[in-house]
file input.cif (mmCIF, C-alpha atoms)
data_start
#
loop_
_atom_site.group_PDB
_atom_site.id
_atom_site.type_symbol
_atom_site.label_atom_id
_atom_site.label_comp_id
_atom_site.auth_asym_id
_atom_site.auth_seq_id
_atom_site.Cartn_x
_atom_site.Cartn_y
_atom_site.Cartn_z
ATOM 1 C CA MET A 5 -13.475 9.644 22.128
ATOM 2 C CA SER A 6 -14.224 8.379 18.652
ATOM 3 C CA LEU A 7 -11.483 8.781 16.074
ATOM 4 C CA ARG A 8 -13.626 7.949 13.068
ATOM 5 C CA LYS A 9 -13.745 11.573 11.957
ATOM 6 C CA SER A 10 -11.665 14.596 12.872
ATOM 7 C CA LYS A 11 -13.464 16.949 15.223
ATOM 8 C CA SER A 12 -14.342 20.297 13.682
ATOM 9 C CA SER A 13 -13.902 23.672 15.264
ATOM 10 C CA ARG A 14 -17.057 24.760 17.094
ATOM 11 C CA ALA A 15 -17.180 27.824 14.862
ATOM 12 C CA GLU A 16 -17.116 25.829 11.641
ATOM 13 C CA LYS A 17 -20.150 26.374 9.478
ATOM 14 C CA VAL A 18 -22.586 23.565 8.785
ATOM 15 C CA LEU A 19 -24.084 23.896 5.312
ATOM 16 C CA SER A 20 -26.667 21.924 3.400
ATOM 17 C CA VAL A 21 -25.585 20.005 0.306
ATOM 18 C CA LYS A 22 -27.166 22.701 -1.864
ATOM 19 C CA GLU A 23 -25.349 25.488 -0.005
ATOM 20 C CA GLN A 24 -22.052 23.618 -0.288
ATOM 21 C CA GLN A 25 -22.496 23.262 -4.040
ATOM 22 C CA GLN A 26 -23.226 26.971 -4.348
ATOM 23 C CA LYS A 27 -19.973 27.755 -2.510
ATOM 24 C CA ILE A 28 -18.060 25.322 -4.745
ATOM 25 C CA ASP A 29 -19.508 26.923 -7.871
ATOM 26 C CA GLU A 30 -18.572 30.369 -6.567
ATOM 27 C CA VAL A 31 -14.962 29.320 -5.987
ATOM 28 C CA ARG A 32 -14.835 27.832 -9.472
ATOM 29 C CA ARG A 33 -15.949 31.179 -10.898
ATOM 30 C CA LEU A 34 -13.355 33.039 -8.834
ATOM 31 C CA ILE A 35 -10.452 30.896 -10.049
ATOM 32 C CA ALA A 36 -11.499 30.775 -13.722
ATOM 33 C CA PRO A 37 -10.147 30.434 -16.316
ATOM 34 C CA LEU A 38 -8.102 27.288 -15.731
ATOM 35 C CA SER A 39 -5.711 25.506 -18.050
ATOM 36 C CA ASP A 40 -6.456 21.906 -18.974
ATOM 37 C CA GLU A 41 -3.456 20.923 -16.866
ATOM 38 C CA LEU A 42 -5.169 22.174 -13.703
ATOM 39 C CA LEU A 43 -8.782 21.209 -14.339
ATOM 40 C CA SER A 44 -8.380 17.722 -12.897
ATOM 41 C CA PHE A 45 -7.107 19.203 -9.628
ATOM 42 C CA CYS A 46 -10.204 21.372 -9.246
ATOM 43 C CA SER A 47 -12.900 18.777 -8.809
ATOM 44 C CA ASP A 48 -15.829 19.522 -6.502
ATOM 45 C CA ALA A 49 -14.209 17.356 -3.829
ATOM 46 C CA SER A 50 -10.929 19.256 -4.070
ATOM 47 C CA ILE A 51 -12.582 22.682 -3.934
ATOM 48 C CA SER A 52 -14.661 21.495 -0.997
ATOM 49 C CA ARG A 53 -11.474 20.710 0.968
ATOM 50 C CA PHE A 54 -10.203 24.251 0.437
ATOM 51 C CA LEU A 55 -13.577 25.649 1.476
ATOM 52 C CA ARG A 56 -13.607 23.568 4.656
ATOM 53 C CA ALA A 57 -10.091 24.763 5.431
ATOM 54 C CA ARG A 58 -11.366 28.361 5.188
ATOM 55 C CA ASN A 59 -14.675 27.787 6.942
ATOM 56 C CA TRP A 60 -16.647 27.942 3.679
ATOM 57 C CA ASN A 61 -15.480 31.428 2.770
ATOM 58 C CA PRO A 62 -15.295 31.376 -1.076
ATOM 59 C CA GLU A 63 -12.920 34.354 -1.392
ATOM 60 C CA LYS A 64 -10.429 32.934 1.123
ATOM 61 C CA ALA A 65 -10.722 29.431 -0.324
ATOM 62 C CA ALA A 66 -10.198 30.743 -3.869
ATOM 63 C CA LYS A 67 -7.079 32.642 -2.784
ATOM 64 C CA MET A 68 -5.709 29.529 -1.080
ATOM 65 C CA LEU A 69 -6.490 27.355 -4.093
ATOM 66 C CA LYS A 70 -4.881 29.820 -6.525
ATOM 67 C CA GLU A 71 -1.690 29.760 -4.466
ATOM 68 C CA THR A 72 -1.735 25.967 -4.454
ATOM 69 C CA LEU A 73 -2.242 25.795 -8.220
ATOM 70 C CA LYS A 74 0.659 28.206 -8.732
ATOM 71 C CA TRP A 75 2.834 26.027 -6.489
ATOM 72 C CA ARG A 76 1.854 22.852 -8.351
ATOM 73 C CA LEU A 77 2.689 24.430 -11.707
ATOM 74 C CA GLU A 78 6.105 25.516 -10.449
ATOM 75 C CA TYR A 79 7.031 22.594 -8.149
ATOM 76 C CA LYS A 80 5.383 19.840 -10.229
ATOM 77 C CA PRO A 81 4.891 17.414 -7.311
ATOM 78 C CA GLU A 82 3.268 14.800 -9.553
ATOM 79 C CA SER A 83 6.506 14.617 -11.580
ATOM 80 C CA ILE A 84 8.764 13.609 -8.676
ATOM 81 C CA HIS A 85 10.065 10.097 -9.364
ATOM 82 C CA TRP A 86 11.514 7.460 -7.071
ATOM 83 C CA GLY A 87 15.007 8.084 -8.382
ATOM 84 C CA ASP A 88 14.730 11.706 -7.259
ATOM 85 C CA VAL A 89 14.173 10.748 -3.614
ATOM 86 C CA ALA A 90 15.639 7.244 -3.196
ATOM 87 C CA ASP A 91 18.584 8.460 -1.093
ATOM 88 C CA GLU A 92 16.219 10.246 1.289
ATOM 89 C CA ALA A 93 14.200 7.045 1.734
ATOM 90 C CA LYS A 94 17.037 4.702 2.708
ATOM 91 C CA THR A 95 16.536 4.771 6.475
ATOM 92 C CA GLY A 96 12.747 4.528 6.481
ATOM 93 C CA LYS A 97 12.188 7.998 7.910
ATOM 94 C CA ILE A 98 8.921 8.234 5.916
ATOM 95 C CA TYR A 99 7.044 5.492 4.106
ATOM 96 C CA ARG A 100 3.505 4.474 3.315
ATOM 97 C CA ALA A 101 2.350 1.547 5.414
ATOM 98 C CA ASP A 102 1.108 -1.508 3.528
ATOM 99 C CA TYR A 103 -2.116 -1.399 5.581
ATOM 100 C CA LYS A 104 -4.792 1.223 6.167
ATOM 101 C CA ASP A 105 -6.437 2.207 9.415
ATOM 102 C CA LYS A 106 -9.792 0.713 10.414
ATOM 103 C CA TYR A 107 -11.615 3.389 8.463
ATOM 104 C CA GLY A 108 -9.771 2.805 5.199
ATOM 105 C CA ARG A 109 -7.413 5.766 5.498
ATOM 106 C CA THR A 110 -3.866 5.625 4.136
ATOM 107 C CA VAL A 111 -1.182 5.576 6.848
ATOM 108 C CA LEU A 112 2.165 7.367 6.565
ATOM 109 C CA ILE A 113 4.831 6.155 9.001
ATOM 110 C CA MET A 114 7.324 8.845 9.982
ATOM 111 C CA ARG A 115 10.486 8.358 12.020
ATOM 112 C CA PRO A 116 12.197 11.753 12.390
ATOM 113 C CA GLY A 117 14.916 10.128 14.503
ATOM 114 C CA PHE A 118 16.047 8.296 11.349
ATOM 115 C CA GLN A 119 16.960 11.501 9.516
ATOM 116 C CA ASN A 120 19.855 10.754 7.164
ATOM 117 C CA THR A 121 20.528 13.965 5.193
ATOM 118 C CA ASN A 122 21.162 17.644 5.788
ATOM 119 C CA SER A 123 19.383 18.784 2.638
ATOM 120 C CA ALA A 124 16.227 20.730 3.478
ATOM 121 C CA LYS A 125 15.338 20.731 -0.219
ATOM 122 C CA GLY A 126 15.727 16.959 -0.468
ATOM 123 C CA GLN A 127 13.759 16.320 2.716
ATOM 124 C CA ILE A 128 10.843 18.461 1.534
ATOM 125 C CA LYS A 129 10.871 16.838 -1.904
ATOM 126 C CA TYR A 130 10.646 13.400 -0.275
ATOM 127 C CA LEU A 131 7.807 14.564 1.977
ATOM 128 C CA VAL A 132 5.892 15.855 -1.066
ATOM 129 C CA TYR A 133 6.574 12.593 -2.923
ATOM 130 C CA CYS A 134 5.153 10.622 0.013
ATOM 131 C CA MET A 135 2.099 12.887 0.246
ATOM 132 C CA GLU A 136 1.353 12.442 -3.451
ATOM 133 C CA ASN A 137 1.846 8.691 -3.127
ATOM 134 C CA ALA A 138 -0.459 8.514 -0.099
ATOM 135 C CA ILE A 139 -3.183 10.458 -1.926
ATOM 136 C CA LEU A 140 -2.928 8.168 -4.947
ATOM 137 C CA ASN A 141 -3.503 5.237 -2.607
ATOM 138 C CA LEU A 142 -6.500 6.633 -0.742
ATOM 139 C CA ALA A 143 -9.626 4.497 -0.840
ATOM 140 C CA SER A 144 -12.324 5.841 -3.157
ATOM 141 C CA ASP A 145 -14.471 6.880 -0.189
ATOM 142 C CA GLN A 146 -11.643 8.585 1.730
ATOM 143 C CA GLU A 147 -9.937 11.959 1.386
ATOM 144 C CA GLN A 148 -7.748 11.892 4.466
ATOM 145 C CA MET A 149 -4.753 10.026 5.826
ATOM 146 C CA VAL A 150 -3.177 9.292 9.199
ATOM 147 C CA TRP A 151 0.378 10.290 10.077
ATOM 148 C CA LEU A 152 1.939 7.888 12.574
ATOM 149 C CA ILE A 153 5.080 9.556 13.930
ATOM 150 C CA ASP A 154 7.422 7.227 15.824
ATOM 151 C CA PHE A 155 9.974 8.985 18.025
ATOM 152 C CA GLN A 156 12.458 6.148 18.473
ATOM 153 C CA GLY A 157 15.976 7.549 18.191
ATOM 154 C CA TRP A 158 14.722 11.138 18.198
ATOM 155 C CA THR A 159 16.808 13.929 19.684
ATOM 156 C CA MET A 160 16.678 17.700 19.275
ATOM 157 C CA ALA A 161 19.484 17.261 16.722
ATOM 158 C CA SER A 162 17.151 15.138 14.559
ATOM 159 C CA VAL A 163 15.057 18.055 13.413
ATOM 160 C CA SER A 164 15.460 21.300 11.542
ATOM 161 C CA LEU A 165 13.183 24.171 12.493
ATOM 162 C CA LYS A 166 13.313 25.319 8.871
ATOM 163 C CA VAL A 167 12.096 21.947 7.569
ATOM 164 C CA THR A 168 9.458 21.755 10.312
ATOM 165 C CA ARG A 169 8.053 25.155 9.348
ATOM 166 C CA GLU A 170 8.063 24.238 5.659
ATOM 167 C CA THR A 171 6.366 20.913 6.426
ATOM 168 C CA ALA A 172 3.580 22.727 8.297
ATOM 169 C CA HIS A 173 3.227 25.209 5.439
ATOM 170 C CA ILE A 174 2.994 22.513 2.754
ATOM 171 C CA LEU A 175 0.566 20.330 4.707
ATOM 172 C CA GLN A 176 -1.795 23.146 5.672
ATOM 173 C CA ASP A 177 -1.662 25.364 2.585
ATOM 174 C CA TYR A 178 -1.192 22.921 -0.284
ATOM 175 C CA TYR A 179 -2.858 19.773 1.100
ATOM 176 C CA PRO A 180 -5.707 21.171 3.222
ATOM 177 C CA GLU A 181 -8.035 18.739 4.961
ATOM 178 C CA ARG A 182 -5.862 15.766 3.987
ATOM 179 C CA LEU A 183 -4.828 14.980 7.566
ATOM 180 C CA ALA A 184 -7.259 13.004 9.714
ATOM 181 C CA TYR A 185 -4.899 12.488 12.664
ATOM 182 C CA GLY A 186 -1.254 12.915 13.530
ATOM 183 C CA ILE A 187 -0.275 10.335 16.134
ATOM 184 C CA LEU A 188 2.911 11.189 18.068
ATOM 185 C CA TYR A 189 4.153 7.857 19.432
ATOM 186 C CA ASN A 190 6.419 7.933 22.495
ATOM 187 C CA PRO A 191 7.739 11.492 22.168
ATOM 188 C CA PRO A 192 10.498 12.034 24.764
ATOM 189 C CA LYS A 193 10.139 14.551 27.557
ATOM 190 C CA ILE A 194 12.417 17.008 25.754
ATOM 191 C CA PHE A 195 9.958 17.103 22.843
ATOM 192 C CA GLU A 196 7.609 19.176 24.992
ATOM 193 C CA SER A 197 9.874 22.241 24.546
ATOM 194 C CA PHE A 198 10.088 21.640 20.784
ATOM 195 C CA TRP A 199 6.293 21.275 20.593
ATOM 196 C CA LYS A 200 5.884 24.698 22.218
ATOM 197 C CA VAL A 201 7.999 26.148 19.407
ATOM 198 C CA VAL A 202 6.207 24.219 16.650
ATOM 199 C CA LYS A 203 2.610 24.697 17.773
ATOM 200 C CA PRO A 204 2.385 28.380 16.721
ATOM 201 C CA PHE A 205 3.183 27.296 13.130
ATOM 202 C CA LEU A 206 0.039 25.186 13.098
ATOM 203 C CA GLU A 207 -3.520 26.278 12.513
ATOM 204 C CA ARG A 208 -5.924 25.374 15.284
ATOM 205 C CA LYS A 209 -7.671 22.825 13.048
ATOM 206 C CA THR A 210 -4.326 21.092 12.497
ATOM 207 C CA TYR A 211 -3.019 20.859 16.030
ATOM 208 C CA LYS A 212 -6.438 19.704 17.284
ATOM 209 C CA LYS A 213 -5.857 16.580 15.169
ATOM 210 C CA VAL A 214 -2.639 15.694 17.011
ATOM 211 C CA ARG A 215 -2.717 12.866 19.559
ATOM 212 C CA PHE A 216 0.099 11.919 21.952
ATOM 213 C CA VAL A 217 0.416 8.173 22.581
ATOM 214 C CA TYR A 218 2.751 6.488 25.087
ATOM 215 C CA SER A 219 3.452 2.750 25.186
ATOM 216 C CA ASP A 220 3.454 2.763 29.003
ATOM 217 C CA ILE A 221 0.091 4.533 29.361
ATOM 218 C CA PRO A 222 -2.777 2.086 28.658
ATOM 219 C CA GLU A 223 -5.337 4.862 28.214
ATOM 220 C CA SER A 224 -3.384 6.395 25.349
ATOM 221 C CA GLN A 225 -2.822 2.967 23.813
ATOM 222 C CA ASN A 226 -6.591 2.772 23.354
ATOM 223 C CA ILE A 227 -6.164 5.339 20.575
ATOM 224 C CA MET A 228 -4.024 2.830 18.666
ATOM 225 C CA SER A 229 -6.427 -0.063 19.068
ATOM 226 C CA GLU A 230 -9.348 2.102 17.974
ATOM 227 C CA LEU A 231 -7.529 3.298 14.862
ATOM 228 C CA PHE A 232 -5.597 0.191 13.824
ATOM 229 C CA ASP A 233 -5.870 -3.562 13.520
ATOM 230 C CA MET A 234 -3.191 -4.505 16.058
ATOM 231 C CA ASP A 235 -2.256 -7.601 14.035
ATOM 232 C CA GLU A 236 -1.264 -5.289 11.174
ATOM 233 C CA LEU A 237 0.421 -2.573 13.218
ATOM 234 C CA GLU A 238 4.199 -2.931 13.689
ATOM 235 C CA GLN A 239 5.499 -4.099 17.063
ATOM 236 C CA ALA A 240 7.614 -0.934 17.303
ATOM 237 C CA LEU A 241 4.331 0.987 17.375
ATOM 238 C CA GLY A 242 2.559 -1.223 19.887
ATOM 239 C CA GLY A 243 1.096 -3.741 17.450
ATOM 240 C CA ARG A 244 1.744 -7.438 16.830
ATOM 241 C CA ASN A 245 3.181 -7.289 13.297
ATOM 242 C CA GLN A 246 6.871 -8.273 13.209
ATOM 243 C CA TYR A 247 7.468 -6.154 10.095
ATOM 244 C CA THR A 248 10.931 -4.639 9.797
ATOM 245 C CA PHE A 249 11.566 -1.749 7.452
ATOM 246 C CA ASN A 250 13.421 -2.616 4.259
ATOM 247 C CA THR A 251 13.797 -0.327 1.255
ATOM 248 C CA ARG A 252 12.829 -3.231 -1.008
ATOM 249 C CA THR A 253 9.342 -3.155 0.491
ATOM 250 C CA LEU A 254 8.812 0.578 -0.006
ATOM 251 C CA PRO A 255 5.692 1.412 -1.995
ATOM 252 C CA VAL A 256 6.909 3.100 -5.167
ATOM 253 C CA LYS A 257 4.578 5.398 -7.095
#

call {"tool": "encode", "arguments": {"input": "input.cif", "output": "structure tokens"}}
result
Amino acid sequence: MSLRKSKSSRAEKVLSVKEQQQKIDEVRRLIAPLSDELLSFCSDASISRFLRARNWNPEKAAKMLKETLKWRLEYKPESIHWGDVADEAKTGKIYRADYKDKYGRTVLIMRPGFQNTNSAKGQIKYLVYCMENAILNLASDQEQMVWLIDFQGWTMASVSLKVTRETAHILQDYYPERLAYGILYNPPKIFESFWKVVKPFLERKTYKKVRFVYSDIPESQNIMSELFDMDELEQALGGRNQYTFNTRTLPVK
């Protein structure tokens, strides 16, 4: 199975370039007028992502985009600075890798077993910071990123259902079509019960992008070698890079 592009739902519409532009223009009319502060966030490419997330329905896409713009005005994700989240980052529970996948997509490493705070607000702020940072570092020809989730040290006590629900909400509703793949690396057996709880929070298009990979199953390891240069990928994730996390190497926006 090729991982170059995320697979679309069978029901997803296929439109010509002209038809896509007409849908984009319609959404732009539906969300007008916009303040200068929000214009840059409403490029054709951005509107197109919201349309794809709503199967090219302009009314639904416009509603989704309006809610996102309201959130950005209130939450101000672009204004989160390193000093605001440095304590959350200390253990390396989320960081942007210093390499991209084979298709030029930004890679976010996540280690939920390294959770170091009890603040849901702080955890979400750090997630948003990392998302904004990853987007800023996307290649010019890419819109999506890969989440590489390493389960070393993970237990049921490592996660908060509240934070998990909020993470799903933020990813799907405020950053639509930004995820290419979510790779779950070596999830323990007990994660299966947690996944059954989490899956209903996810839209079908999101959970279809999730891949389970196990270091002791060669067939699943093929996913890693297709996505990544194994010389760049950390040894902890099945690669040959001896990189060890250190806060001094964190990419700072």

call {"tool": "residues_around", "arguments": {"input": "input.cif", "residues": "range 33-46 of chain A", "least_positions_apart": "6", "cutoff": "9 Å", "atoms": "all atoms listed in the file", "output": "ChimeraX atom specification"}}
result
/A:62-63,66-67,69-70,73,76-77

call {"tool": "residues_around", "arguments": {"input": "input.cif", "residues": "Phe216 in chain A", "least_positions_apart": "3", "cutoff": "7 Å", "atoms": "only C-alpha atoms", "output": "count of residues only"}}
result
3

call {"tool": "closest_residue", "arguments": {"input": "input.cif", "among": "A:Asp29, A:Asp154, A:Glu196, A:Glu147", "to": "Pro180 in chain A", "atoms": "all atoms listed in the file"}}
result
A:Glu147

call {"tool": "resolve_selection", "arguments": {"input": "input.cif", "expression": "the PyMOL selection byres ((chain A and resi 93-103) around 7)", "output": "PyMOL selection string"}}
result
chain A and resi 89-92+104-105+111-116+118-120+134+138+236+249+251+254-255

call {"tool": "residues_around", "arguments": {"input": "input.cif", "residues": "Gln148 in chain A", "least_positions_apart": "5", "cutoff": "9 Å", "atoms": "all atoms listed in the file", "output": "ChimeraX atom specification"}}
result
/A:109-110,139,142,181-185

call {"tool": "residues_around", "arguments": {"input": "input.cif", "residues": "Glu170 in chain A", "least_positions_apart": "5", "cutoff": "9 Å", "atoms": "all atoms listed in the file", "output": "list of chain:residue names"}}
result
A:Ile128, A:Leu165, A:Leu175

call {"tool": "write_last_selection", "arguments": {"input": "input.cif", "atoms": "C-alpha atoms", "output": "mmCIF file, keeping the file's coordinate frame"}}
result
data_model
loop_
_atom_site.group_PDB
_atom_site.id
_atom_site.type_symbol
_atom_site.label_atom_id
_atom_site.label_comp_id
_atom_site.auth_asym_id
_atom_site.auth_seq_id
_atom_site.Cartn_x
_atom_site.Cartn_y
_atom_site.Cartn_z
ATOM 1 C CA ILE A 128 10.843 18.461 1.534
ATOM 2 C CA LEU A 165 13.183 24.171 12.493
ATOM 3 C CA LEU A 175 0.566 20.330 4.707
#

call {"tool": "build_atoms", "arguments": {"input": "input.cif", "residues": "range 186-212 of chain A", "atoms": "N, CA, C and O atoms", "output": "mmCIF file, in the frame of the given file"}}
result
data_model
loop_
_atom_site.group_PDB
_atom_site.id
_atom_site.type_symbol
_atom_site.label_atom_id
_atom_site.label_comp_id
_atom_site.auth_asym_id
_atom_site.auth_seq_id
_atom_site.Cartn_x
_atom_site.Cartn_y
_atom_site.Cartn_z
ATOM 1 N N GLY A 186 -2.693 13.078 13.389
ATOM 2 C CA GLY A 186 -1.254 12.915 13.530
ATOM 3 C C GLY A 186 -1.003 12.288 14.884
ATOM 4 O O GLY A 186 -1.303 12.894 15.920
ATOM 5 N N ILE A 187 -0.521 11.056 14.886
ATOM 6 C CA ILE A 187 -0.275 10.335 16.134
ATOM 7 C C ILE A 187 1.204 10.450 16.479
ATOM 8 O O ILE A 187 2.067 9.989 15.722
ATOM 9 N N LEU A 188 1.531 11.071 17.602
ATOM 10 C CA LEU A 188 2.911 11.189 18.068
ATOM 11 C C LEU A 188 3.159 10.054 19.054
ATOM 12 O O LEU A 188 2.605 10.058 20.157
ATOM 13 N N TYR A 189 3.965 9.074 18.642
ATOM 14 C CA TYR A 189 4.153 7.857 19.432
ATOM 15 C C TYR A 189 5.447 7.922 20.234
ATOM 16 O O TYR A 189 6.542 8.004 19.681
ATOM 17 N N ASN A 190 5.305 7.902 21.548
ATOM 18 C CA ASN A 190 6.419 7.933 22.495
ATOM 19 C C ASN A 190 7.363 9.126 22.309
ATOM 20 O O ASN A 190 8.588 8.966 22.269
ATOM 21 N N PRO A 191 6.828 10.337 22.217
ATOM 22 C CA PRO A 191 7.739 11.492 22.168
ATOM 23 C C PRO A 191 8.461 11.634 23.508
ATOM 24 O O PRO A 191 7.837 11.479 24.563
ATOM 25 N N PRO A 192 9.770 11.885 23.498
ATOM 26 C CA PRO A 192 10.498 12.034 24.764
ATOM 27 C C PRO A 192 10.113 13.322 25.476
ATOM 28 O O PRO A 192 9.522 14.219 24.885
ATOM 29 N N LYS A 193 10.480 13.390 26.742
ATOM 30 C CA LYS A 193 10.139 14.551 27.557
ATOM 31 C C LYS A 193 10.638 15.850 26.931
ATOM 32 O O LYS A 193 9.945 16.872 26.938
ATOM 33 N N ILE A 194 11.824 15.797 26.324
ATOM 34 C CA ILE A 194 12.417 17.008 25.754
ATOM 35 C C ILE A 194 11.605 17.543 24.576
ATOM 36 O O ILE A 194 11.704 18.707 24.212
ATOM 37 N N PHE A 195 10.771 16.668 23.977
ATOM 38 C CA PHE A 195 9.958 17.103 22.843
ATOM 39 C C PHE A 195 8.948 18.177 23.260
ATOM 40 O O PHE A 195 8.511 18.969 22.421
ATOM 41 N N GLU A 196 8.588 18.194 24.518
ATOM 42 C CA GLU A 196 7.609 19.176 24.992
ATOM 43 C C GLU A 196 8.057 20.599 24.669
ATOM 44 O O GLU A 196 7.285 21.446 24.253
ATOM 45 N N SER A 197 9.398 20.896 24.870
ATOM 46 C CA SER A 197 9.874 22.241 24.546
ATOM 47 C C SER A 197 9.821 22.503 23.062
ATOM 48 O O SER A 197 9.489 23.590 22.626
ATOM 49 N N PHE A 198 10.141 21.475 22.240
ATOM 50 C CA PHE A 198 10.088 21.640 20.784
ATOM 51 C C PHE A 198 8.641 21.848 20.324
ATOM 52 O O PHE A 198 8.371 22.664 19.440
ATOM 53 N N TRP A 199 7.708 21.143 20.950
ATOM 54 C CA TRP A 199 6.293 21.275 20.593
ATOM 55 C C TRP A 199 5.802 22.700 20.849
ATOM 56 O O TRP A 199 5.015 23.244 20.081
ATOM 57 N N LYS A 200 6.281 23.323 21.915
ATOM 58 C CA LYS A 200 5.884 24.698 22.218
ATOM 59 C C LYS A 200 6.353 25.658 21.119
ATOM 60 O O LYS A 200 5.706 26.671 20.844
ATOM 61 N N VAL A 201 7.479 25.318 20.492
ATOM 62 C CA VAL A 201 7.999 26.148 19.407
ATOM 63 C C VAL A 201 7.209 25.883 18.122
ATOM 64 O O VAL A 201 6.913 26.798 17.353
ATOM 65 N N VAL A 202 6.871 24.623 17.888
ATOM 66 C CA VAL A 202 6.207 24.219 16.650
ATOM 67 C C VAL A 202 4.733 24.611 16.620
ATOM 68 O O VAL A 202 4.210 25.024 15.572
ATOM 69 N N LYS A 203 4.058 24.507 17.734
ATOM 70 C CA LYS A 203 2.610 24.697 17.773
ATOM 71 C C LYS A 203 2.137 26.004 17.158
ATOM 72 O O LYS A 203 1.119 26.023 16.443
ATOM 73 N N PRO A 204 2.837 27.126 17.347
ATOM 74 C CA PRO A 204 2.385 28.380 16.721
ATOM 75 C C PRO A 204 2.401 28.343 15.193
ATOM 76 O O PRO A 204 1.743 29.161 14.555
ATOM 77 N N PHE A 205 3.179 27.420 14.594
ATOM 78 C CA PHE A 205 3.183 27.296 13.130
ATOM 79 C C PHE A 205 1.897 26.667 12.625
ATOM 80 O O PHE A 205 1.582 26.746 11.439
ATOM 81 N N LEU A 206 1.184 25.991 13.509
ATOM 82 C CA LEU A 206 0.039 25.186 13.098
ATOM 83 C C LEU A 206 -1.267 25.930 13.291
ATOM 84 O O LEU A 206 -1.460 26.635 14.287
ATOM 85 N N GLU A 207 -2.173 25.753 12.345
ATOM 86 C CA GLU A 207 -3.520 26.278 12.513
ATOM 87 C C GLU A 207 -4.228 25.449 13.578
ATOM 88 O O GLU A 207 -3.911 24.283 13.802
ATOM 89 N N ARG A 208 -5.210 26.066 14.210
ATOM 90 C CA ARG A 208 -5.924 25.374 15.284
ATOM 91 C C ARG A 208 -6.509 24.049 14.802
ATOM 92 O O ARG A 208 -6.455 23.036 15.491
ATOM 93 N N LYS A 209 -7.066 24.046 13.580
ATOM 94 C CA LYS A 209 -7.671 22.825 13.048
ATOM 95 C C LYS A 209 -6.642 21.720 12.893
ATOM 96 O O LYS A 209 -6.979 20.543 12.965
ATOM 97 N N THR A 210 -5.377 22.101 12.660
ATOM 98 C CA THR A 210 -4.326 21.092 12.497
ATOM 99 C C THR A 210 -3.891 20.536 13.833
ATOM 100 O O THR A 210 -3.871 19.315 14.033
ATOM 101 N N TYR A 211 -3.543 21.411 14.778
ATOM 102 C CA TYR A 211 -3.019 20.859 16.030
ATOM 103 C C TYR A 211 -4.091 20.156 16.865
ATOM 104 O O TYR A 211 -3.779 19.321 17.714
ATOM 105 N N LYS A 212 -5.369 20.438 16.594
ATOM 106 C CA LYS A 212 -6.438 19.704 17.284
ATOM 107 C C LYS A 212 -6.518 18.257 16.818
ATOM 108 O O LYS A 212 -7.159 17.420 17.456
#
